[in-house]
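Structure below is model-v2.pdb: PDB, C-alpha atoms.
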MODEL        1
ATOM      1  CA  GLN H  42     -10.863   7.863   9.451  1.00  0.00           C
ATOM      2  CA  VAL H  43     -10.523   9.135   5.894  1.00  0.00           C
ATOM      3  CA  GLN H  44      -8.266   6.860   3.936  1.00  0.00           C
ATOM      4  CA  LEU H  45      -7.262   6.143   0.339  1.00  0.00           C
ATOM      5  CA  VAL H  46      -5.425   2.929  -0.410  1.00  0.00           C
ATOM      6  CA  GLU H  47      -3.767   2.226  -3.748  1.00  0.00           C
ATOM      7  CA  SER H  48      -2.933  -1.229  -5.043  1.00  0.00           C
ATOM      8  CA  GLY H  49      -2.039  -2.966  -8.281  1.00  0.00           C
ATOM      9  CA  GLY H  50       1.451  -1.699  -8.948  1.00  0.00           C
ATOM     10  CA  GLY H  51       4.309  -3.950  -9.941  1.00  0.00           C
ATOM     11  CA  LEU H  52       6.948  -4.773 -12.516  1.00  0.00           C
ATOM     12  CA  VAL H  53       5.812  -5.093 -16.117  1.00  0.00           C
ATOM     13  CA  GLN H  54       7.560  -5.290 -19.472  1.00  0.00           C
ATOM     14  CA  PRO H  55       7.196  -2.498 -22.028  1.00  0.00           C
ATOM     15  CA  GLY H  56       3.917  -2.886 -23.868  1.00  0.00           C
ATOM     16  CA  GLY H  57       2.315  -4.602 -20.903  1.00  0.00           C
ATOM     17  CA  SER H  58      -0.654  -3.609 -18.758  1.00  0.00           C
ATOM     18  CA  LEU H  59      -1.485  -2.950 -15.134  1.00  0.00           C
ATOM     19  CA  ARG H  60      -4.654  -1.904 -13.364  1.00  0.00           C
ATOM     20  CA  LEU H  61      -4.311   0.313 -10.334  1.00  0.00           C
ATOM     21  CA  SER H  62      -7.045   0.581  -7.715  1.00  0.00           C
ATOM     22  CA  CYS H  63      -7.778   3.381  -5.287  1.00  0.00           C
ATOM     23  CA  ALA H  64     -10.171   2.332  -2.538  1.00  0.00           C
ATOM     24  CA  ALA H  65     -11.674   4.976  -0.275  1.00  0.00           C
ATOM     25  CA  SER H  66     -12.829   4.378   3.279  1.00  0.00           C
ATOM     26  CA  GLY H  67     -14.214   6.663   5.961  1.00  0.00           C
ATOM     27  CA  PHE H  68     -16.004   8.800   3.372  1.00  0.00           C
ATOM     28  CA  THR H  69     -17.859   8.407   0.096  1.00  0.00           C
ATOM     29  CA  LEU H  70     -16.431   9.726  -3.142  1.00  0.00           C
ATOM     30  CA  ASP H  71     -19.786  10.810  -4.562  1.00  0.00           C
ATOM     31  CA  TRP H  72     -19.039  14.525  -5.097  1.00  0.00           C
ATOM     32  CA  TYR H  73     -15.273  14.329  -5.232  1.00  0.00           C
ATOM     33  CA  ALA H  74     -12.782  14.487  -8.024  1.00  0.00           C
ATOM     34  CA  VAL H  75     -10.291  11.645  -7.804  1.00  0.00           C
ATOM     35  CA  GLY H  76      -6.946  12.073  -9.433  1.00  0.00           C
ATOM     36  CA  TRP H  77      -4.091   9.775 -10.271  1.00  0.00           C
ATOM     37  CA  PHE H  78      -0.661  11.343  -9.979  1.00  0.00           C
ATOM     38  CA  ARG H  79       2.826   9.950 -10.427  1.00  0.00           C
ATOM     39  CA  GLN H  80       6.266  10.848  -9.256  1.00  0.00           C
ATOM     40  CA  ALA H  81       9.389   9.533 -10.906  1.00  0.00           C
ATOM     41  CA  PRO H  82      12.782   9.683  -9.147  1.00  0.00           C
ATOM     42  CA  GLY H  83      14.134  13.202  -9.135  1.00  0.00           C
ATOM     43  CA  LYS H  84      10.992  14.654 -10.639  1.00  0.00           C
ATOM     44  CA  GLU H  85       7.987  16.534  -9.345  1.00  0.00           C
ATOM     45  CA  ARG H  86       4.671  14.834  -8.796  1.00  0.00           C
ATOM     46  CA  GLU H  87       2.506  15.238 -11.884  1.00  0.00           C
ATOM     47  CA  ALA H  88      -1.112  14.634 -12.765  1.00  0.00           C
ATOM     48  CA  VAL H  89      -1.901  11.644 -14.969  1.00  0.00           C
ATOM     49  CA  SER H  90      -5.666  11.474 -15.000  1.00  0.00           C
ATOM     50  CA  CYS H  91      -8.665  12.509 -12.960  1.00  0.00           C
ATOM     51  CA  ILE H  92     -12.362  11.796 -12.829  1.00  0.00           C
ATOM     52  CA  SER H  93     -15.466  13.445 -11.524  1.00  0.00           C
ATOM     53  CA  TYR H  94     -16.922  10.726  -9.357  1.00  0.00           C
ATOM     54  CA  SER H  95     -20.487  12.007  -9.663  1.00  0.00           C
ATOM     55  CA  ASP H  96     -20.744  11.818 -13.441  1.00  0.00           C
ATOM     56  CA  GLY H  97     -17.630   9.962 -14.530  1.00  0.00           C
ATOM     57  CA  THR H  98     -16.151  12.813 -16.570  1.00  0.00           C
ATOM     58  CA  PRO H  99     -12.515  11.871 -17.201  1.00  0.00           C
ATOM     59  CA  TYR H 100      -9.429  13.877 -18.065  1.00  0.00           C
ATOM     60  CA  TYR H 101      -6.045  12.620 -19.242  1.00  0.00           C
ATOM     61  CA  VAL H 102      -2.734  14.307 -19.743  1.00  0.00           C
ATOM     62  CA  GLU H 103      -1.485  14.131 -23.290  1.00  0.00           C
ATOM     63  CA  SER H 104       1.258  11.586 -22.594  1.00  0.00           C
ATOM     64  CA  VAL H 105      -1.218   8.890 -21.512  1.00  0.00           C
ATOM     65  CA  LYS H 106      -4.174   9.573 -23.801  1.00  0.00           C
ATOM     66  CA  GLY H 107      -5.228   6.449 -25.645  1.00  0.00           C
ATOM     67  CA  ARG H 108      -3.224   4.225 -23.275  1.00  0.00           C
ATOM     68  CA  PHE H 109      -4.712   4.841 -19.818  1.00  0.00           C
ATOM     69  CA  THR H 110      -8.365   4.635 -18.811  1.00  0.00           C
ATOM     70  CA  ILE H 111      -9.786   5.932 -15.553  1.00  0.00           C
ATOM     71  CA  SER H 112     -13.063   4.574 -14.192  1.00  0.00           C
ATOM     72  CA  ARG H 113     -14.997   4.281 -10.978  1.00  0.00           C
ATOM     73  CA  ASP H 114     -17.160   1.712  -9.218  1.00  0.00           C
ATOM     74  CA  SER H 115     -19.721   3.448  -7.047  1.00  0.00           C
ATOM     75  CA  ALA H 116     -20.679   0.259  -5.244  1.00  0.00           C
ATOM     76  CA  LYS H 117     -17.081  -0.270  -4.152  1.00  0.00           C
ATOM     77  CA  ASN H 118     -16.187   3.404  -3.568  1.00  0.00           C
ATOM     78  CA  THR H 119     -13.159   2.749  -5.743  1.00  0.00           C
ATOM     79  CA  VAL H 120     -11.433   4.368  -8.704  1.00  0.00           C
ATOM     80  CA  TYR H 121      -9.329   2.431 -11.184  1.00  0.00           C
ATOM     81  CA  LEU H 122      -6.578   3.327 -13.615  1.00  0.00           C
ATOM     82  CA  GLN H 123      -6.175   0.828 -16.420  1.00  0.00           C
ATOM     83  CA  MET H 124      -2.745   1.289 -17.942  1.00  0.00           C
ATOM     84  CA  ASP H 125      -2.031  -0.328 -21.305  1.00  0.00           C
ATOM     85  CA  SER H 126       0.893  -0.108 -23.702  1.00  0.00           C
ATOM     86  CA  LEU H 127       3.150   0.830 -20.836  1.00  0.00           C
ATOM     87  CA  LYS H 128       6.467   2.517 -21.558  1.00  0.00           C
ATOM     88  CA  PRO H 129       9.632   2.771 -19.489  1.00  0.00           C
ATOM     89  CA  GLU H 130       8.888   6.468 -18.976  1.00  0.00           C
ATOM     90  CA  ASP H 131       5.714   5.486 -17.107  1.00  0.00           C
ATOM     91  CA  THR H 132       7.893   4.171 -14.292  1.00  0.00           C
ATOM     92  CA  ALA H 133       7.010   6.036 -11.095  1.00  0.00           C
ATOM     93  CA  ILE H 134       5.201   5.837  -7.816  1.00  0.00           C
ATOM     94  CA  TYR H 135       1.506   6.343  -8.528  1.00  0.00           C
ATOM     95  CA  TYR H 136      -0.701   8.111  -6.021  1.00  0.00           C
ATOM     96  CA  CYS H 137      -4.423   8.673  -5.902  1.00  0.00           C
ATOM     97  CA  ALA H 138      -5.962  11.732  -4.332  1.00  0.00           C
ATOM     98  CA  ALA H 139      -9.471  12.997  -3.703  1.00  0.00           C
ATOM     99  CA  ASP H 140     -10.894  16.435  -3.094  1.00  0.00           C
ATOM    100  CA  LEU H 141     -14.240  18.204  -3.295  1.00  0.00           C
ATOM    101  CA  SER H 142     -12.880  21.470  -4.674  1.00  0.00           C
ATOM    102  CA  ALA H 143     -10.932  19.598  -7.339  1.00  0.00           C
ATOM    103  CA  ALA H 144     -14.261  18.428  -8.738  1.00  0.00           C
ATOM    104  CA  ASN H 145     -15.205  22.045  -9.436  1.00  0.00           C
ATOM    105  CA  ILE H 146     -11.946  22.648 -11.278  1.00  0.00           C
ATOM    106  CA  LEU H 147     -12.539  19.599 -13.432  1.00  0.00           C
ATOM    107  CA  ARG H 148     -16.081  20.674 -14.269  1.00  0.00           C
ATOM    108  CA  LEU H 149     -15.202  24.322 -14.955  1.00  0.00           C
ATOM    109  CA  PHE H 150     -11.895  23.941 -16.742  1.00  0.00           C
ATOM    110  CA  SER H 151     -11.925  20.349 -18.046  1.00  0.00           C
ATOM    111  CA  ARG H 152      -8.569  19.590 -16.478  1.00  0.00           C
ATOM    112  CA  CYS H 153      -7.206  18.070 -13.296  1.00  0.00           C
ATOM    113  CA  ALA H 154      -6.653  20.302 -10.310  1.00  0.00           C
ATOM    114  CA  PRO H 155      -2.999  20.731  -9.295  1.00  0.00           C
ATOM    115  CA  VAL H 156      -1.329  18.641  -6.614  1.00  0.00           C
ATOM    116  CA  SER H 157      -1.765  21.386  -4.035  1.00  0.00           C
ATOM    117  CA  ALA H 158      -5.558  21.319  -4.408  1.00  0.00           C
ATOM    118  CA  TYR H 159      -5.966  17.770  -3.164  1.00  0.00           C
ATOM    119  CA  ALA H 160      -6.396  17.249   0.568  1.00  0.00           C
ATOM    120  CA  ASN H 161      -6.614  13.460   0.735  1.00  0.00           C
ATOM    121  CA  TRP H 162      -3.821  11.198  -0.527  1.00  0.00           C
ATOM    122  CA  GLY H 163      -2.984   7.540  -0.599  1.00  0.00           C
ATOM    123  CA  GLN H 164       0.403   6.085   0.235  1.00  0.00           C
ATOM    124  CA  GLY H 165       1.310   5.281  -3.370  1.00  0.00           C
ATOM    125  CA  THR H 166       1.998   2.160  -5.374  1.00  0.00           C
ATOM    126  CA  ARG H 167       5.166   1.577  -7.389  1.00  0.00           C
ATOM    127  CA  VAL H 168       5.017   0.904 -11.105  1.00  0.00           C
ATOM    128  CA  THR H 169       8.171  -0.232 -12.887  1.00  0.00           C
ATOM    129  CA  VAL H 170       8.212  -0.720 -16.640  1.00  0.00           C
ATOM    130  CA  SER H 171      11.346  -2.523 -17.695  1.00  0.00           C
ATOM    131  CA  ALA H 172      12.519  -5.349 -19.898  1.00  0.00           C
TER     132      ALA H 172
ENDMDL
END
Using structure tokens, write down the structure that the file contains.
Amino acid sequence: QVQLVESGGGLVQPGGSLRLSCAASGFTLDWYAVGWFRQAPGKEREAVSCISYSDGTPYYVESVKGRFTISRDSAKNTVYLQMDSLKPEDTAIYYCAADLSAANILRLFSRCAPVSAYANWGQGTRVTVSA
């Protein structure tokens, strides 16, 4: 059974940090792109960052550059999102997703594939940034 499980969300004060994890089971991520997306209340789901699992090539949207770091651990079949200097506008449910075709988009266009391109999704983890 193909499964992605996110963890690591929580409540944090502005300026704080969290590390999200996305653990895959039932398949290996070797040739996939893995993306982190977020959805705030009343807003559409948006890409935050993605990574080519095979070579570690990362991509970040402008709003998180310099604050978020995506990485992967091949031994654990897991992708992480280290989030530093968190802001209230980072509050959202964070989802990870994986897809083979998305890896091609990342390699060819140096950007994350859109939401619709990802076939495998986790259940999400809530991040709340508030004083």
Using all atoms listed in the file, which residue out of H:Asp71, H:Glu47, H:Asp131, H:Glu103 lies closest to Ala116 of chain H?
->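 For Ala116 of chain H, the nearest of the given residues is H:Asp71.
Counting only C-alpha atoms, the residue from H:Ser157, H:Ser142, H:Thr166, H:Ser104 that sits nearest to Cys63 of chain H is H:Thr166.
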Closest of H:Gln54, H:Ser62, H:Ser112, H:Asn161 to Leu141 of chain H - atom-to-atom distances counting all atoms listed in the file |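 The answer is H:Asn161, which sits nearest to Leu141 of chain H.
Of the residues listed (H:Gly67, H:Val120, H:Ser58, H:Phe78), H:Phe78 shows the shortest atom-to-atom separation from Tyr101 of chain H; distances use only C-alpha atoms.
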By how many Å are atom CA of Ile92 of chain H and atom CA of Pro55 of chain H apart?
-> 25.9 Å
Find the residues around Ala64 of chain H up to 6 Å (all atoms listed in the file counted), leave out those fewer than 2 positions away in its own chain, and share them as a PyMOL selection string.
-> chain H and resi 45-46+119
